[in-house]
Amino acid sequence: MIINFTELSSRYDKAILEILESALSAAMPDLALRKIIKNSKIFLGKKQFNLSKYGHIFTIGIGKAADSMTKVVNSLINLDGGIIVIPEEQESLLKTQKFKILYAGHPLPNRNSILASKTILKFLKEKEENDLIIFLISGGASSLVSLPDGITLAEKKIVTNLLLKSGANIDEINCVRKHLSGIKGGRLAQYVNCDAISLVMSDVIGDNLSTIASGTTYCDKTTFSDAKKILQKYNLQKIVPKSVLKRINFGIQKKIDETPKRPRIKNFVIATNADCLLAMKKTAARFGLFTKIISPISGEAKHTAKKLVKLIPKKPNSCVIFGGETTVKVVGRGKGGRNQELVLSVLSQIQKIDRTITVASIGTDGKDGNTDTSGAMASNFIIYENNIQSYLDRNNSYYFFKKHGGLIFTGPTHTNLMDIGIILGR
C-alpha cells in the first residue's frame, strides 16, 4: 500500500516498511466484517441479528472507509442498495449503480456535505417497518455529513478550522461540532423508523462511540456547557462567529434541546488501532526484533516525541511501536501534518545517538495534515541538519522531508484507524 516502498527501502531499513505495511493491511475492514457476518446473520458479542427476517436490507456508509466497508458487506449479504459518502479526493472502490455514491468535503464540510445529509434523511424517511438499515461508520464522517443548526455553513467551517489549528483533540473538536449540528450527537438516528444497527471503525483514542464520527448514530455524553469551555480553553470564544456563541448560550439556557443522551439504535465498534499494533508486533517478531508497544499516544506531537525517545530500548535490534493520535498547534504558515511533525521532532532529539535509529509515523487513512502524504520516516545516520528547529517553528515539516527525503505516500487507503508508528534501534 506504500506507493514509494521500493524507493524508501533502498535508503531506509526495510523492516520498518514491512511493519507499516502489515498495519495498513490490518486496518482494512475485510477481516473484522468477515468475522461477524456469516450465514445470513450478524454476530456481535452475545447478540445475534437474523438477516433473513427482513424484507429489505440497506447500508448507509459514511466516512473514509465507507466504500471499502460497503464492498465487503455487499459481498456477504444480498443488499438492496444504500448510500456511500466519502471524501471528494477519494475514488470509490465500488462500481455499481446499486449504491448512491456521494462525495463531500473533508476535513472541512462543504455544500456537498449538506447535500449528503439531506439525501440520507430523505432515504431514511422512505424506509418501511420491515426493513433493516446497517450503518457503516468510520473516521471523517463528522465533516462528510453536515447540517449546521443555528449557524451557516461558512460559520461552521470557520469554527471547525479554528479548532483544527488550535491543538484541540478530536474529543474536544467533535464536542463543539455536535452542538452546532442538526444530525450529530445521535440526532441522525432519531430519524430511523425501522430496525437498524451501526458498525463502527474507531479513529479516536478510547474508542468512544460518542466521539467517533461525532456520535452521529449513537448519542452524546457532552453538553453545550462543555462546548463553551472548550472554546474558552483555546481562547477561541472571541474569534468564532457570534452566531456560534449565541447558539451555544441558547443551549446552556435550555432554549434549545440538548443532544440525545441515550442511543436510539445499537452501535458496535468492530475495528480499532489496537488491530494495527498487534499486526505490527507480529511482523516485528518475524524480523527478530524486541518490541515495546506504547498506546495510545496523544497530546502535542513535539511533546509526545520527547516521551517516545526516552522509551527507546538500549539493546540492539529493538523497537518501540506506537499508535494513537497526536495534535499540532499551528503557529506557522508551513505545510505538514501531525505524523511528519512527530517524526521531525524525534529526529531533532536522536541526532547525537551513536547507533542507527530510524523513526516512521503515518496516518492509516493515507493523509497527513494539509499534505498529500501519509507521513514520513527518518534516520539519524542519514539526515543531519542543525536547523531542524526552524522547520518545526514554522510547522513546515513537509518541506524538510521534501528536501531531505523520507515522505511516505499511500494515497487514500479507504480506511481510518488513527496513526501508527515505529522507532527502530539497530
# chains A, B, ... in the order shown; residues from 1 in each chain; ligands from 1
>>> select_by_dssp(residues="region 185-396 of chain A", states="strand (DSSP E or B)", output="count of residues only")
42
>>> closest_atom_pairs(of="region 71-167 of chain A", to="region 398-421 of chain A", cutoff="10 Å", atoms="only C-alpha atoms", output="Markdown table")
| residue | atom | partner | partner_atom | distance |
| --- | --- | --- | --- | --- |
| A:Ile86 | CA | A:His414 | CA | 8.9 |
| A:Pro87 | CA | A:Pro412 | CA | 9.3 |
| A:Glu89 | CA | A:Pro412 | CA | 7.9 |
| A:Gln90 | CA | A:Pro412 | CA | 6.1 |
| A:Glu91 | CA | A:Pro412 | CA | 8.5 |
| A:Ser92 | CA | A:His414 | CA | 8.6 |
| A:Leu93 | CA | A:His414 | CA | 8.3 |
| A:Ser138 | CA | A:Asn416 | CA | 6.7 |
| A:Gly139 | CA | A:Asn416 | CA | 5.8 |
| A:Gly140 | CA | A:Asn416 | CA | 8.2 |
>>> write_last_selection(atoms="C-alpha atoms", output="short mmCIF file (atom, residue, chain, number, x, y, z; two decimals), in the first residue's frame")
data_model
loop_
_atom_site.label_atom_id
_atom_site.label_comp_id
_atom_site.auth_asym_id
_atom_site.auth_seq_id
_atom_site.Cartn_x
_atom_site.Cartn_y
_atom_site.Cartn_z
CA ILE A 86 -16.67 9.53 1.02
CA PRO A 87 -14.14 12.38 0.67
CA GLU A 89 -10.38 13.21 -3.35
CA GLN A 90 -11.17 9.52 -2.91
CA GLU A 91 -12.31 7.38 -5.86
CA SER A 92 -14.94 4.84 -4.84
CA LEU A 93 -13.93 1.17 -4.75
CA SER A 138 -15.68 5.44 10.01
CA GLY A 139 -13.44 8.44 10.61
CA GLY A 140 -14.07 11.52 8.52
#
>>> residues_around(residues="region 183-196 of chain A", least_positions_apart="6", cutoff="10 Å", atoms="only C-alpha atoms", output="PyMOL selection string")
chain A and resi 54+57-59+117-118+120-135+141-142+145-149+174-175+177+209-222+258-267
>>> write_last_selection(atoms="C-alpha atoms", output="PDB file, in the first residue's frame")
ATOM      1  CA  TYR A  54     -36.160  -8.546   6.907  1.00  0.00           C
ATOM      2  CA  ILE A  57     -31.584  -4.627   3.804  1.00  0.00           C
ATOM      3  CA  PHE A  58     -29.820  -1.350   3.084  1.00  0.00           C
ATOM      4  CA  THR A  59     -26.488   0.165   4.085  1.00  0.00           C
ATOM      5  CA  SER A 117     -27.071  14.826   4.999  1.00  0.00           C
ATOM      6  CA  LYS A 118     -30.350  15.737   3.337  1.00  0.00           C
ATOM      7  CA  ILE A 120     -29.638  10.399   3.921  1.00  0.00           C
ATOM      8  CA  LEU A 121     -32.563  11.907   5.820  1.00  0.00           C
ATOM      9  CA  LYS A 122     -34.826  11.508   2.779  1.00  0.00           C
ATOM     10  CA  PHE A 123     -33.598   7.922   2.350  1.00  0.00           C
ATOM     11  CA  LEU A 124     -34.395   7.118   5.994  1.00  0.00           C
ATOM     12  CA  LYS A 125     -37.929   8.519   5.738  1.00  0.00           C
ATOM     13  CA  GLU A 126     -38.664   6.254   2.762  1.00  0.00           C
ATOM     14  CA  LYS A 127     -37.823   3.025   4.602  1.00  0.00           C
ATOM     15  CA  GLU A 128     -40.566   0.630   5.741  1.00  0.00           C
ATOM     16  CA  GLU A 129     -41.060  -1.045   9.105  1.00  0.00           C
ATOM     17  CA  ASN A 130     -39.811  -4.450   7.896  1.00  0.00           C
ATOM     18  CA  ASP A 131     -36.534  -3.059   6.518  1.00  0.00           C
ATOM     19  CA  LEU A 132     -33.091  -3.145   8.119  1.00  0.00           C
ATOM     20  CA  ILE A 133     -30.511  -0.406   7.811  1.00  0.00           C
ATOM     21  CA  ILE A 134     -26.856  -1.193   8.518  1.00  0.00           C
ATOM     22  CA  PHE A 135     -24.869   1.978   9.151  1.00  0.00           C
ATOM     23  CA  ALA A 141     -17.832  11.338   8.871  1.00  0.00           C
ATOM     24  CA  SER A 142     -18.005  14.487  11.001  1.00  0.00           C
ATOM     25  CA  VAL A 145     -22.183  14.843   6.569  1.00  0.00           C
ATOM     26  CA  SER A 146     -23.012  18.244   7.937  1.00  0.00           C
ATOM     27  CA  LEU A 147     -26.249  20.043   8.729  1.00  0.00           C
ATOM     28  CA  PRO A 148     -25.454  23.265  10.598  1.00  0.00           C
ATOM     29  CA  ASP A 149     -28.183  24.281  13.025  1.00  0.00           C
ATOM     30  CA  ASN A 174     -16.358  16.907  17.995  1.00  0.00           C
ATOM     31  CA  CYS A 175     -17.991  18.154  21.195  1.00  0.00           C
ATOM     32  CA  ARG A 177     -19.361  20.234  16.257  1.00  0.00           C
ATOM     33  CA  LEU A 209     -18.793   5.913  20.354  1.00  0.00           C
ATOM     34  CA  SER A 210     -19.935   9.365  21.446  1.00  0.00           C
ATOM     35  CA  THR A 211     -16.871  10.877  19.737  1.00  0.00           C
ATOM     36  CA  ILE A 212     -16.360   8.684  16.642  1.00  0.00           C
ATOM     37  CA  ALA A 213     -17.994  10.482  13.697  1.00  0.00           C
ATOM     38  CA  SER A 214     -19.340  12.943  16.309  1.00  0.00           C
ATOM     39  CA  GLY A 215     -21.653  10.198  17.603  1.00  0.00           C
ATOM     40  CA  THR A 216     -23.856  10.558  14.523  1.00  0.00           C
ATOM     41  CA  THR A 217     -25.653   7.216  15.006  1.00  0.00           C
ATOM     42  CA  TYR A 218     -25.039   6.923  18.755  1.00  0.00           C
ATOM     43  CA  CYS A 219     -25.735   9.614  21.375  1.00  0.00           C
ATOM     44  CA  ASP A 220     -23.787  12.318  23.173  1.00  0.00           C
ATOM     45  CA  LYS A 221     -22.166  12.403  26.589  1.00  0.00           C
ATOM     46  CA  THR A 222     -21.203  16.087  26.333  1.00  0.00           C
ATOM     47  CA  GLU A 258     -29.554  19.146  24.237  1.00  0.00           C
ATOM     48  CA  THR A 259     -28.178  16.330  22.111  1.00  0.00           C
ATOM     49  CA  PRO A 260     -29.761  12.876  22.774  1.00  0.00           C
ATOM     50  CA  LYS A 261     -28.270  11.191  25.833  1.00  0.00           C
ATOM     51  CA  ARG A 262     -29.411   7.651  25.047  1.00  0.00           C
ATOM     52  CA  PRO A 263     -28.731   5.738  21.808  1.00  0.00           C
ATOM     53  CA  ARG A 264     -31.697   5.150  19.538  1.00  0.00           C
ATOM     54  CA  ILE A 265     -30.033   2.162  17.822  1.00  0.00           C
ATOM     55  CA  LYS A 266     -27.307  -0.350  18.715  1.00  0.00           C
ATOM     56  CA  ASN A 267     -23.740   0.718  17.865  1.00  0.00           C
TER      57      ASN A 267
END
>>> residues_around(residues="Ile83 (chain A)", least_positions_apart="3", cutoff="6 Å", atoms="only C-alpha atoms", output="ChimeraX atom specification")
/A:60,99-101
>>> residues_around(residues="Gly324 (chain A)", least_positions_apart="4", cutoff="8 Å", atoms="only C-alpha atoms", output="PyMOL selection string")
chain A and resi 204-205+273+295-298+418-420
>>> closest_residue(among="A:Thr356, A:Leu342, A:Ser143, A:Lys254", to="Asn110 (chain A)", atoms="only C-alpha atoms")
A:Ser143
>>> atom_distance(atom1="CA of Asp67 (chain A)", atom2="CA of Leu102 (chain A)")
10.4 Å
>>> closest_residue(among="A:Ile270, A:Val331, A:Leu231, A:Asn249", to="Asp207 (chain A)", atoms="only C-alpha atoms")
A:Ile270
>>> residues_around(residues="Gln232 (chain A)", least_positions_apart="6", cutoff="12 Å", atoms="only C-alpha atoms", output="MDAnalysis selection string")
chainID A and resid 163 166 168 172 176 225:226 238:240 245
>>> write_last_selection(atoms="N, CA and C atoms", output="PDB file, in the first residue's frame")
ATOM      1  N   LEU A 163     -10.632  25.262  15.391  1.00  0.00           N
ATOM      2  CA  LEU A 163     -10.420  24.159  16.326  1.00  0.00           C
ATOM      3  C   LEU A 163      -9.302  23.243  15.847  1.00  0.00           C
ATOM      4  N   SER A 166      -5.998  24.787  16.571  1.00  0.00           N
ATOM      5  CA  SER A 166      -5.763  25.243  17.941  1.00  0.00           C
ATOM      6  C   SER A 166      -4.959  24.263  18.776  1.00  0.00           C
ATOM      7  N   ALA A 168      -6.580  21.462  19.724  1.00  0.00           N
ATOM      8  CA  ALA A 168      -7.643  20.704  20.396  1.00  0.00           C
ATOM      9  C   ALA A 168      -7.635  19.261  19.908  1.00  0.00           C
ATOM     10  N   GLU A 172     -12.593  17.044  21.803  1.00  0.00           N
ATOM     11  CA  GLU A 172     -12.980  18.445  22.002  1.00  0.00           C
ATOM     12  C   GLU A 172     -13.572  19.047  20.735  1.00  0.00           C
ATOM     13  N   VAL A 176     -17.773  20.345  20.178  1.00  0.00           N
ATOM     14  CA  VAL A 176     -18.283  21.612  19.647  1.00  0.00           C
ATOM     15  C   VAL A 176     -19.122  21.356  18.398  1.00  0.00           C
ATOM     16  N   SER A 225     -22.514  23.326  27.696  1.00  0.00           N
ATOM     17  CA  SER A 225     -21.548  23.930  28.627  1.00  0.00           C
ATOM     18  C   SER A 225     -20.135  23.437  28.344  1.00  0.00           C
ATOM     19  N   ASP A 226     -20.017  22.144  28.028  1.00  0.00           N
ATOM     20  CA  ASP A 226     -18.708  21.586  27.680  1.00  0.00           C
ATOM     21  C   ASP A 226     -18.158  22.264  26.425  1.00  0.00           C
ATOM     22  N   LYS A 238     -13.633  34.613  21.483  1.00  0.00           N
ATOM     23  CA  LYS A 238     -13.724  35.978  20.949  1.00  0.00           C
ATOM     24  C   LYS A 238     -13.515  36.056  19.438  1.00  0.00           C
ATOM     25  N   ILE A 239     -13.100  34.937  18.827  1.00  0.00           N
ATOM     26  CA  ILE A 239     -12.837  34.988  17.384  1.00  0.00           C
ATOM     27  C   ILE A 239     -13.751  34.078  16.560  1.00  0.00           C
ATOM     28  N   VAL A 240     -14.525  33.218  17.215  1.00  0.00           N
ATOM     29  CA  VAL A 240     -15.511  32.439  16.450  1.00  0.00           C
ATOM     30  C   VAL A 240     -16.676  33.357  16.087  1.00  0.00           C
ATOM     31  N   LEU A 245     -21.449  31.341  19.355  1.00  0.00           N
ATOM     32  CA  LEU A 245     -21.610  31.563  20.792  1.00  0.00           C
ATOM     33  C   LEU A 245     -23.087  31.734  21.173  1.00  0.00           C
TER      34      LEU A 245
END
>>> select_by_dssp(residues="region 36-267 of chain A", states="helix (DSSP H, G or I)", output="VMD selection string")
chain A and resid 36 51 to 53 66 to 76 111 to 125 141 to 144 153 to 166 170 to 178 188 to 191 212 to 215 224 to 233 242 to 252
>>> residues_around(residues="Lys14 (chain A)", least_positions_apart="6", cutoff="12 Å", atoms="only C-alpha atoms", output="PyMOL selection string")
chain A and resi 5-8+20-21+283-284+287+358+360+377+424
>>> write_last_selection(atoms="C-alpha atoms", output="PDB file, in the first residue's frame")
ATOM      1  CA  PHE A   5       8.046   1.383  -0.924  1.00  0.00           C
ATOM      2  CA  THR A   6      10.906   0.433  -3.292  1.00  0.00           C
ATOM      3  CA  GLU A   7      12.430   3.904  -3.243  1.00  0.00           C
ATOM      4  CA  LEU A   8      12.288   4.135   0.544  1.00  0.00           C
ATOM      5  CA  LEU A  20       3.977  -0.413   8.466  1.00  0.00           C
ATOM      6  CA  GLU A  21       2.535  -2.406   5.563  1.00  0.00           C
ATOM      7  CA  THR A 283       5.710  -8.651  11.849  1.00  0.00           C
ATOM      8  CA  ALA A 284       8.439  -7.200  14.066  1.00  0.00           C
ATOM      9  CA  PHE A 287      12.397  -9.792  11.862  1.00  0.00           C
ATOM     10  CA  THR A 358      15.073   5.124  12.402  1.00  0.00           C
ATOM     11  CA  ALA A 360       8.424   6.473  10.977  1.00  0.00           C
ATOM     12  CA  MET A 377      10.405   8.447   8.077  1.00  0.00           C
ATOM     13  CA  LEU A 424      13.792   1.125  15.487  1.00  0.00           C
TER      14      LEU A 424
END
>>> atom_distance(atom1="CA of Thr371 (chain A)", atom2="CA of Ala301 (chain A)")
16.6 Å
>>> closest_residue(among="A:Asp13, A:Ser345, A:Arg394, A:Asn339", to="Thr373 (chain A)", atoms="only C-alpha atoms")
A:Asn339
>>> atom_distance(atom1="CA of Val244 (chain A)", atom2="CA of Asn395 (chain A)")
28.2 Å
>>> closest_residue(among="A:Ile353, A:Ile256, A:Leu108, A:Ile151", to="Leu164 (chain A)", atoms="only C-alpha atoms")
A:Leu108
